[in-house]
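In what follows, a structure is listed as structure tokens, so that the remarks can point back to it.
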Amino acid sequence: MALRGDWMYENNGGTCVAIAGIDYCVVAADTRLSVGYNILTRDHSKICSLADKVVLASSGFQGDIRALHKNLAARHLLYQHQHNKQMSCPAMGQLLSNTLYYKRFFPYYAFNVLGGLDNEGKGCVFTYDAVGSYERVGYSAQGSGSSLIMPVLDNQLKSPSPLLLPARDAVTPLSETEAVDLVKDVFASATERDIYTGDKLEIVVINASGIKREYLELRKD
Amino acid sequence: MLLLVFGLSFLSFFPSLSLSQHFAPTRTKPHHRISVSLNLKQRKQREEKRRMMMKLDTSGLESFSAAVPSAMAAAEDQLFAPPSFDLPAGCADFDKFQMEAKQTLKHAKGTTTLAFIFNQGVIVAADSRASMGGYISSQSVKKIIEINPYMLGTMAGGAADCQFWHRNLGIKCRLHELANKRRISVTGASKLLANILYSYRGMGLSIGTMIAGWDEKGPGLYYVDSEGGRLKGNRFSVGSGSPYAYGVLDNGYRPDMTVEEAHELARRAIYHATFRDGASGGVVSVYHVGPNGWKKLSGDDVSELHYKYYPVQPTPVEHEMVDAPPA
């Protein structure tokens, strides 16, 4: 609903979360698509599987998100043709950052979380802003419910900053099942207090044996 | 607020170099500005209103000369006539002006970074907080970027702008090395960056960076920003916490410090800035650039530094609280 002639964005809401573990990565997003106070659909996936070890979840303006996912999938295909292998998660992280920054003066309205396994098989999560600034972190939440979810994740998962010198060991991370349970809890709480989050939760787990998908019903009100 | 901003409020800036054309984002008119389109009649009405508002109504200021008898009034008119002036061209609409001013200042570069040259090289220090409006989006951002093993850049302003253009600068520096078989100087590197930012001037990039390094001429330090400015200097601090950092830094600076003293000075300066500035915080990183390149000296959590500098004093107890005897 554009009230002004040249306001070309729309916020379709939704929340995305990703948690990195020792040898797994959990990426989750709700499936509600809204415009203002209307819910357009309860069954829209925000998660895109880019490579066999890389998964991207984005919230924001779905038009831009569709275009962005398509763009990245095409670039990944080109990479595979040129290099005869799949893209690693850090490589895709850099590619996404550059893709977002190339549209610095007409940005993709997409708040992204990229999750996967790095070259050593450890979980890795990259978090982005709308114009491509990115950082590798242990966990992240983006989207309308992010300010509700991040404090809880900080409380449960926060580890000493990688910038500290002398470096400190990160706190023992959670197991895969514990991380998935945490994600479910956190989304249930966010659904209570954020109108744009709810309906259904799609959880994707990436580990050495591949990508696994799971669904959880959330509140539909 | 879409953009992640560093204290410098992290983070707003094409020469005809063909390489940068390839790597740089397409320069189109910034579409994200909201503007209201009006039809011709409305536009004419607005113009008239604007013209009418050009002159201030100063009748309220004439009360003094009106109270005086007319004989004196003529003479005093010349002495005490209220000054009348045209409003500056830019602010015809006073109501909108404040909003527009806030818009231009919105990306206050929320961060604290500093760098200074002393006899033993260059010290570079920064905090690690990134904020998006009032929300802290990260406490572990790397604001000191390693361009190459002997040159560092600091980030303030738009995070994405700084990250992208510093990486681009690193690529250009490497290409220079390959083309000329020698390392690029700090002067050269800062000029490359400044020229790029100048070509994007006015398009909304937000970058306030310092390029520090050691080249054949010794230690070098330049401040470069997205307005196109480039300054050579011995001491700089950039960001919303910079006034606090300057206070500590300028007070304790001596050119003949040892590396340890300089390290502690830089760490202290950033700590004090994070203490008083809400947009700065996280971890203080301090680097030293010497003749053999840069080395990270320390990374300390700011809240731990606080208790190290100001340990909790046990308060003297006046009255001991004793448990009530069981009834």
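Numbering starts fresh at 1 for the residues of each chain in the structure tokens, the chains themselves are lettered A, B, ... in the order given, and ligands are numbered from 1 as they appear.
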Can I get the residues of range 40-89 of chain A within 9 Å of range 198-202 of chain A, each with the closest pair of atoms and their distance in Å to one decimal, using only C-alpha atoms, sorted chain first then ascending number, as JSON lines?
```
{"residue": "A:Arg42", "atom": "CA", "partner": "A:Asp199", "partner_atom": "CA", "distance": 5.7}
{"residue": "A:Asp43", "atom": "CA", "partner": "A:Lys200", "partner_atom": "CA", "distance": 7.3}
{"residue": "A:Ser45", "atom": "CA", "partner": "A:Glu202", "partner_atom": "CA", "distance": 7.5}
{"residue": "A:Lys46", "atom": "CA", "partner": "A:Glu202", "partner_atom": "CA", "distance": 8.7}
{"residue": "A:Ile47", "atom": "CA", "partner": "A:Glu202", "partner_atom": "CA", "distance": 8.1}
```
Write to file, as a PDB file, in the first residue's frame, the residues of the selection just made, with all heavy atoms.
```pdb
ATOM      1  N   ARG A  42      -0.203 -18.032   5.852  1.00  0.00           N
ATOM      2  CA  ARG A  42       0.432 -18.608   7.040  1.00  0.00           C
ATOM      3  C   ARG A  42       1.515 -19.603   6.670  1.00  0.00           C
ATOM      4  O   ARG A  42       2.076 -20.268   7.525  1.00  0.00           O
ATOM      5  CB  ARG A  42      -0.616 -19.340   7.896  1.00  0.00           C
ATOM      6  CG  ARG A  42      -1.748 -18.450   8.363  1.00  0.00           C
ATOM      7  CD  ARG A  42      -2.586 -19.160   9.422  1.00  0.00           C
ATOM      8  NE  ARG A  42      -3.825 -18.472   9.714  1.00  0.00           N
ATOM      9  CZ  ARG A  42      -3.944 -17.454  10.561  1.00  0.00           C
ATOM     10  NH1 ARG A  42      -2.885 -17.011  11.196  1.00  0.00           N
ATOM     11  NH2 ARG A  42      -5.109 -16.883  10.779  1.00  0.00           N
ATOM     12  N   ASP A  43       1.783 -19.735   5.380  1.00  0.00           N
ATOM     13  CA  ASP A  43       2.617 -20.855   4.954  1.00  0.00           C
ATOM     14  C   ASP A  43       3.707 -20.439   3.980  1.00  0.00           C
ATOM     15  O   ASP A  43       3.911 -21.106   2.960  1.00  0.00           O
ATOM     16  CB  ASP A  43       1.697 -21.893   4.311  1.00  0.00           C
ATOM     17  CG  ASP A  43       2.283 -23.287   4.415  1.00  0.00           C
ATOM     18  OD1 ASP A  43       3.372 -23.429   5.015  1.00  0.00           O
ATOM     19  OD2 ASP A  43       1.661 -24.210   3.879  1.00  0.00           O
ATOM     20  N   SER A  45       7.609 -19.751   3.182  1.00  0.00           N
ATOM     21  CA  SER A  45       8.938 -20.074   3.707  1.00  0.00           C
ATOM     22  C   SER A  45       9.909 -18.927   3.490  1.00  0.00           C
ATOM     23  O   SER A  45       9.992 -18.378   2.389  1.00  0.00           O
ATOM     24  CB  SER A  45       9.468 -21.327   3.013  1.00  0.00           C
ATOM     25  OG  SER A  45      10.818 -21.519   3.376  1.00  0.00           O
ATOM     26  N   LYS A  46      10.653 -18.558   4.528  1.00  0.00           N
ATOM     27  CA  LYS A  46      11.654 -17.498   4.388  1.00  0.00           C
ATOM     28  C   LYS A  46      13.049 -18.082   4.226  1.00  0.00           C
ATOM     29  O   LYS A  46      14.023 -17.344   4.178  1.00  0.00           O
ATOM     30  CB  LYS A  46      11.654 -16.621   5.644  1.00  0.00           C
ATOM     31  CG  LYS A  46      10.356 -15.904   5.882  1.00  0.00           C
ATOM     32  CD  LYS A  46      10.486 -14.983   7.064  1.00  0.00           C
ATOM     33  CE  LYS A  46       9.215 -14.209   7.334  1.00  0.00           C
ATOM     34  NZ  LYS A  46       8.031 -15.029   7.583  1.00  0.00           N
ATOM     35  N   ILE A  47      13.118 -19.401   4.194  1.00  0.00           N
ATOM     36  CA  ILE A  47      14.431 -20.047   4.202  1.00  0.00           C
ATOM     37  C   ILE A  47      14.754 -20.553   2.808  1.00  0.00           C
ATOM     38  O   ILE A  47      13.914 -21.130   2.145  1.00  0.00           O
ATOM     39  CB  ILE A  47      14.452 -21.207   5.215  1.00  0.00           C
ATOM     40  CG1 ILE A  47      14.184 -20.649   6.619  1.00  0.00           C
ATOM     41  CG2 ILE A  47      15.784 -21.922   5.197  1.00  0.00           C
ATOM     42  CD1 ILE A  47      14.230 -21.673   7.700  1.00  0.00           C
TER      43      ILE A  47
END
```
- prompt: If we count only C-alpha atoms, what is near Cys48 in chain A at a cut-off of 7 Å, once residues fewer than 5 positions away on the same chain are taken out, given as a count of residues only?
  reply: 4
Q.
Quick one: residues within 9 Å of Ile195 in chain A, only C-alpha atoms, excluding same-chain residues fewer than 4 positions away - as a PyMOL selection string?
A. chain A and resi 13+37+144-145+190-191+221
Would you output that residue set with N, CA, C and O atoms, as a PDB file, in the first residue's frame?
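File selection_25.pdb, as written:
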```
ATOM      1  N   GLY A  13       7.260  -8.474   7.481  1.00  0.00           N
ATOM      2  CA  GLY A  13       7.398  -9.013   8.826  1.00  0.00           C
ATOM      3  C   GLY A  13       8.113 -10.345   8.875  1.00  0.00           C
ATOM      4  O   GLY A  13       8.692 -10.808   7.912  1.00  0.00           O
ATOM      5  N   TYR A  37      -1.761  -4.819   8.982  1.00  0.00           N
ATOM      6  CA  TYR A  37      -2.448  -5.682   9.949  1.00  0.00           C
ATOM      7  C   TYR A  37      -3.004  -6.940   9.321  1.00  0.00           C
ATOM      8  O   TYR A  37      -3.608  -7.760  10.003  1.00  0.00           O
ATOM      9  N   SER A 144      11.370  -8.772  12.679  1.00  0.00           N
ATOM     10  CA  SER A 144      10.535  -7.975  13.573  1.00  0.00           C
ATOM     11  C   SER A 144      10.637  -8.450  15.022  1.00  0.00           C
ATOM     12  O   SER A 144      10.489  -7.653  15.937  1.00  0.00           O
ATOM     13  N   GLY A 145      10.891  -9.715  15.237  1.00  0.00           N
ATOM     14  CA  GLY A 145      10.977 -10.219  16.611  1.00  0.00           C
ATOM     15  C   GLY A 145      12.396 -10.271  17.147  1.00  0.00           C
ATOM     16  O   GLY A 145      12.639 -10.820  18.214  1.00  0.00           O
ATOM     17  N   ALA A 190       8.487 -15.153  21.330  1.00  0.00           N
ATOM     18  CA  ALA A 190       8.402 -14.013  20.410  1.00  0.00           C
ATOM     19  C   ALA A 190       6.998 -13.911  19.825  1.00  0.00           C
ATOM     20  O   ALA A 190       6.473 -12.817  19.626  1.00  0.00           O
ATOM     21  N   THR A 191       6.391 -15.079  19.558  1.00  0.00           N
ATOM     22  CA  THR A 191       5.037 -15.084  18.995  1.00  0.00           C
ATOM     23  C   THR A 191       4.050 -14.426  19.933  1.00  0.00           C
ATOM     24  O   THR A 191       3.087 -13.784  19.495  1.00  0.00           O
ATOM     25  N   ASP A 221      -2.814 -16.372  16.228  1.00  0.00           N
ATOM     26  CA  ASP A 221      -3.582 -15.133  16.434  1.00  0.00           C
ATOM     27  C   ASP A 221      -2.690 -13.905  16.277  1.00  0.00           C
ATOM     28  O   ASP A 221      -1.507 -14.001  16.043  1.00  0.00           O
TER      29      ASP A 221
END
```
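Between CA of Asp300 in chain B and CA of Tyr271 in chain B the interatomic distance comes to 9.5 Å.
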Practice task
Write down, as a PyMOL selection string, each residue of chain A that has any atom within 10 Å of an atom of chain B, counting only C-alpha atoms.
Solution key: chain A and resi 3-9+97-107+109-111+127-137+140-142+146-147+150+160-167
- Query: Which residues in range 117-256 of chain B does DSSP call helix (DSSP H, G or I)? List them as a PyMOL selection string.
  - Reply: chain B and resi 159-180+186-199+242-252
Find the residues around Asp181 in chain A up to 12 Å (only C-alpha atoms counted), leave out those fewer than 3 positions away in its own chain, and share them as a short mmCIF file (atom, residue, chain, number, x, y, z; two decimals) with N, CA, C and O atoms, in the first residue's frame.
```cif
data_model
loop_
_atom_site.label_atom_id
_atom_site.label_comp_id
_atom_site.auth_asym_id
_atom_site.auth_seq_id
_atom_site.Cartn_x
_atom_site.Cartn_y
_atom_site.Cartn_z
N ILE A 19 21.59 -20.50 14.97
CA ILE A 19 22.51 -20.83 16.06
C ILE A 19 23.57 -21.76 15.52
O ILE A 19 23.25 -22.75 14.84
N VAL A 26 21.72 -24.55 13.25
CA VAL A 26 20.26 -24.53 13.23
C VAL A 26 19.81 -23.20 12.65
O VAL A 26 20.24 -22.15 13.12
N ALA A 28 16.23 -21.11 11.65
CA ALA A 28 14.78 -21.22 11.80
C ALA A 28 14.12 -19.90 11.44
O ALA A 28 14.71 -18.83 11.63
N LEU A 174 25.77 -25.74 23.17
CA LEU A 174 24.70 -26.71 23.38
C LEU A 174 24.82 -27.87 22.39
O LEU A 174 25.47 -27.75 21.36
N SER A 175 24.15 -28.95 22.72
CA SER A 175 24.04 -30.06 21.76
C SER A 175 22.97 -29.70 20.75
O SER A 175 22.23 -28.74 20.94
N GLU A 176 22.87 -30.50 19.72
CA GLU A 176 21.93 -30.18 18.64
C GLU A 176 20.49 -30.15 19.13
O GLU A 176 19.73 -29.22 18.82
N THR A 177 20.11 -31.15 19.93
CA THR A 177 18.71 -31.20 20.39
C THR A 177 18.42 -30.03 21.33
O THR A 177 17.34 -29.44 21.28
N GLU A 178 19.40 -29.67 22.16
CA GLU A 178 19.18 -28.55 23.07
C GLU A 178 19.02 -27.25 22.29
O GLU A 178 18.19 -26.40 22.63
N LYS A 184 12.83 -23.38 19.58
CA LYS A 184 11.36 -23.50 19.69
C LYS A 184 10.84 -22.62 20.83
O LYS A 184 9.84 -21.91 20.68
N ASP A 185 11.54 -22.66 21.96
CA ASP A 185 11.11 -21.85 23.10
C ASP A 185 11.12 -20.38 22.75
O ASP A 185 10.19 -19.63 23.06
N VAL A 186 12.18 -19.97 22.11
CA VAL A 186 12.40 -18.56 21.83
C VAL A 186 11.34 -18.04 20.84
O VAL A 186 10.83 -16.93 20.98
N PHE A 187 10.98 -18.85 19.87
CA PHE A 187 9.95 -18.43 18.92
C PHE A 187 8.58 -18.40 19.57
O PHE A 187 7.76 -17.52 19.27
N ALA A 188 8.34 -19.37 20.47
CA ALA A 188 7.05 -19.36 21.16
C ALA A 188 6.90 -18.06 21.94
O ALA A 188 5.83 -17.43 21.94
N ILE A 203 12.16 -25.17 10.94
CA ILE A 203 13.51 -25.32 11.50
C ILE A 203 14.32 -26.17 10.56
O ILE A 203 13.92 -27.27 10.16
N GLU A 214 12.20 -29.42 9.86
CA GLU A 214 11.21 -29.79 10.88
C GLU A 214 10.25 -28.61 11.01
O GLU A 214 10.63 -27.46 10.79
N LEU A 216 7.03 -26.68 13.40
CA LEU A 216 6.37 -26.62 14.70
C LEU A 216 5.23 -25.62 14.58
O LEU A 216 5.41 -24.53 14.03
#
```
Who sits within 12 Å of range 257-260 of chain B, only C-alpha atoms, same chain under 4 positions skipped, as a PyMOL selection string:
chain B and resi 116-124+252-253+264-267+286-290+295+297-298
Between CA of Pro173 in chain A and CA of Lys158 in chain A, distance in Å (one decimal):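 Between CA of Pro173 in chain A and CA of Lys158 in chain A the gap works out to 9.5 Å.
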Checklist entry - Which distance in Å separates CA of Glu120 in chain A and CA of Val205 in chain A, to one decimal? => result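 These atoms are spaced 17.1 Å apart.
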Show which residues sit within 12 Å of Asn71 in chain A, as an mmCIF file with C-alpha atoms, in the first residue's frame. Count only C-alpha atoms, and ignore same-chain residues fewer than 3 positions away.
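Result file follows (part-v6.cif):
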```
data_model
loop_
_atom_site.group_PDB
_atom_site.id
_atom_site.type_symbol
_atom_site.label_atom_id
_atom_site.label_comp_id
_atom_site.auth_asym_id
_atom_site.auth_seq_id
_atom_site.Cartn_x
_atom_site.Cartn_y
_atom_site.Cartn_z
ATOM 1 C CA CYS A 48 16.424 -20.783 1.069
ATOM 2 C CA LEU A 50 21.698 -22.221 -1.299
ATOM 3 C CA ASP A 64 13.430 -8.075 -2.564
ATOM 4 C CA ILE A 65 14.035 -11.335 -0.701
ATOM 5 C CA ARG A 66 12.810 -13.426 -3.636
ATOM 6 C CA ALA A 67 15.049 -11.466 -5.985
ATOM 7 C CA LEU A 68 18.021 -11.769 -3.634
ATOM 8 C CA ALA A 74 22.257 -18.203 -9.846
ATOM 9 C CA ARG A 75 25.697 -17.047 -8.681
ATOM 10 C CA HIS A 76 26.139 -20.338 -6.844
ATOM 11 C CA LEU A 77 25.362 -22.251 -9.985
ATOM 12 C CA LEU A 78 27.959 -20.225 -11.879
ATOM 13 C CA LEU A 95 29.192 -13.012 -1.778
ATOM 14 C CA LEU A 96 26.014 -12.025 0.008
ATOM 15 C CA ASN A 98 28.928 -7.795 -1.845
ATOM 16 C CA THR A 99 25.551 -8.471 -3.479
ATOM 17 C CA LEU A 100 23.835 -6.366 -0.846
ATOM 18 C CA TYR A 108 17.429 -4.831 -0.800
#
```
### Nearest to Val180 in chain A by atom-to-atom distance, counting only C-alpha atoms, from A:Ser49, A:Gly21, A:Ala208, A:Asp154
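Among the listed residues, A:Gly21 lies closest to Val180 in chain A.
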Quiz item: Tell me, which residues of range 8-124 of chain A carry DSSP strand (DSSP E or B), written as an MDAnalysis selection string?
Solution: chainID A and resid 15:20 24:30 33:35 38:41 47:51 54:60 110:117 123:124
Store the residues of this selection in a file with N, CA and C atoms, as a CSV table (one decimal), in the first residue's frame.
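Written out: out08.csv:
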```csv
chain,number,residue,atom,x,y,z
A,15,THR,N,10.4,-13.3,11.5
A,15,THR,CA,11.7,-13.3,12.3
A,15,THR,C,12.5,-14.5,11.8
A,16,CYS,N,13.8,-14.3,11.8
A,16,CYS,CA,14.7,-15.5,11.5
A,16,CYS,C,15.8,-15.6,12.6
A,17,VAL,N,16.1,-16.8,12.9
A,17,VAL,CA,17.1,-17.1,13.9
A,17,VAL,C,18.1,-18.1,13.4
A,18,ALA,N,19.4,-18.0,13.8
A,18,ALA,CA,20.3,-19.1,13.5
A,18,ALA,C,21.2,-19.2,14.7
A,19,ILE,N,21.6,-20.5,15.0
A,19,ILE,CA,22.5,-20.8,16.1
A,19,ILE,C,23.6,-21.8,15.5
A,20,ALA,N,24.8,-21.5,15.8
A,20,ALA,CA,25.9,-22.3,15.4
A,20,ALA,C,26.4,-23.2,16.5
A,24,TYR,N,27.2,-28.5,13.9
A,24,TYR,CA,25.8,-28.4,13.3
A,24,TYR,C,25.5,-26.9,13.3
A,25,CYS,N,24.4,-26.6,12.5
A,25,CYS,CA,23.9,-25.3,12.5
A,25,CYS,C,22.4,-25.3,12.4
A,26,VAL,N,21.7,-24.6,13.2
A,26,VAL,CA,20.3,-24.5,13.2
A,26,VAL,C,19.8,-23.2,12.6
A,27,VAL,N,19.0,-23.2,11.6
A,27,VAL,CA,18.4,-22.0,11.0
A,27,VAL,C,16.9,-22.1,11.1
A,28,ALA,N,16.2,-21.1,11.6
A,28,ALA,CA,14.8,-21.2,11.8
A,28,ALA,C,14.1,-19.9,11.4
A,29,ALA,N,12.9,-20.0,10.9
A,29,ALA,CA,12.1,-18.8,10.6
A,29,ALA,C,10.7,-19.1,10.7
A,30,ASP,N,9.9,-18.1,11.0
A,30,ASP,CA,8.4,-18.4,11.1
A,30,ASP,C,7.9,-18.3,9.6
A,33,LEU,N,3.3,-14.3,6.5
A,33,LEU,CA,3.5,-13.2,5.6
A,33,LEU,C,2.4,-12.2,5.8
A,34,SER,N,2.8,-11.0,6.3
A,34,SER,CA,1.8,-9.9,6.6
A,34,SER,C,2.1,-8.7,5.8
A,35,VAL,N,1.0,-7.9,5.7
A,35,VAL,CA,1.1,-6.5,5.1
A,35,VAL,C,0.3,-5.7,6.1
A,38,ASN,N,-2.8,-7.1,8.0
A,38,ASN,CA,-3.4,-8.3,7.3
A,38,ASN,C,-2.4,-9.4,7.3
A,39,ILE,N,-2.9,-10.6,7.4
A,39,ILE,CA,-2.0,-11.8,7.2
A,39,ILE,C,-2.3,-12.3,5.8
A,40,LEU,N,-1.4,-12.3,4.9
A,40,LEU,CA,-1.6,-12.8,3.6
A,40,LEU,C,-1.5,-14.3,3.5
A,41,THR,N,-0.6,-14.9,4.2
A,41,THR,CA,-0.6,-16.4,4.2
A,41,THR,C,0.2,-16.8,5.4
A,47,ILE,N,13.1,-19.4,4.2
A,47,ILE,CA,14.4,-20.0,4.2
A,47,ILE,C,14.8,-20.6,2.8
A,48,CYS,N,16.0,-20.3,2.4
A,48,CYS,CA,16.4,-20.8,1.1
A,48,CYS,C,17.7,-21.6,1.2
A,49,SER,N,17.7,-22.8,0.6
A,49,SER,CA,18.8,-23.7,0.7
A,49,SER,C,19.8,-23.3,-0.4
A,50,LEU,N,20.9,-22.7,-0.2
A,50,LEU,CA,21.7,-22.2,-1.3
A,50,LEU,C,22.7,-23.3,-1.8
A,51,ALA,N,23.3,-24.0,-0.8
A,51,ALA,CA,24.3,-25.0,-1.2
A,51,ALA,C,24.1,-26.1,-0.2
A,54,VAL,N,25.0,-24.7,3.1
A,54,VAL,CA,24.6,-23.2,3.3
A,54,VAL,C,23.2,-23.0,3.2
A,55,VAL,N,22.6,-22.3,4.3
A,55,VAL,CA,21.2,-22.0,4.2
A,55,VAL,C,21.0,-20.5,4.6
A,56,LEU,N,20.1,-19.9,3.9
A,56,LEU,CA,19.9,-18.4,4.1
A,56,LEU,C,18.5,-18.2,4.5
A,57,ALA,N,18.3,-17.4,5.6
A,57,ALA,CA,17.0,-17.0,6.1
A,57,ALA,C,16.9,-15.5,6.0
A,58,SER,N,15.8,-15.0,5.5
A,58,SER,CA,15.7,-13.5,5.4
A,58,SER,C,14.4,-13.1,5.7
A,59,SER,N,14.3,-11.9,6.4
A,59,SER,CA,13.0,-11.3,6.7
A,59,SER,C,13.0,-9.9,6.2
A,60,GLY,N,11.8,-9.3,5.9
A,60,GLY,CA,11.8,-8.0,5.4
A,60,GLY,C,10.8,-7.9,4.3
A,110,ALA,N,16.1,-6.4,3.0
A,110,ALA,CA,16.2,-7.8,3.5
A,110,ALA,C,17.1,-7.9,4.7
A,111,PHE,N,16.7,-8.5,5.8
A,111,PHE,CA,17.5,-8.7,6.9
A,111,PHE,C,17.9,-10.2,7.0
A,112,ASN,N,19.1,-10.5,6.8
A,112,ASN,CA,19.5,-11.8,6.5
A,112,ASN,C,20.3,-12.5,7.6
A,113,VAL,N,20.1,-13.8,7.7
A,113,VAL,CA,21.0,-14.6,8.6
A,113,VAL,C,21.4,-15.8,7.7
A,114,LEU,N,22.7,-16.0,7.6
A,114,LEU,CA,23.2,-17.1,6.8
A,114,LEU,C,23.8,-18.1,7.7
A,115,GLY,N,23.4,-19.4,7.6
A,115,GLY,CA,23.9,-20.4,8.4
A,115,GLY,C,24.4,-21.6,7.7
A,116,GLY,N,25.4,-22.3,8.2
A,116,GLY,CA,25.9,-23.4,7.6
A,116,GLY,C,27.1,-24.0,8.3
A,117,LEU,N,27.9,-24.8,7.6
A,117,LEU,CA,29.1,-25.4,8.1
A,117,LEU,C,30.3,-24.8,7.4
A,123,GLY,N,30.0,-25.3,12.9
A,123,GLY,CA,28.8,-24.5,12.6
A,123,GLY,C,29.2,-23.0,12.4
A,124,CYS,N,28.7,-22.3,11.5
A,124,CYS,CA,29.0,-20.9,11.3
A,124,CYS,C,27.7,-20.1,10.9
```
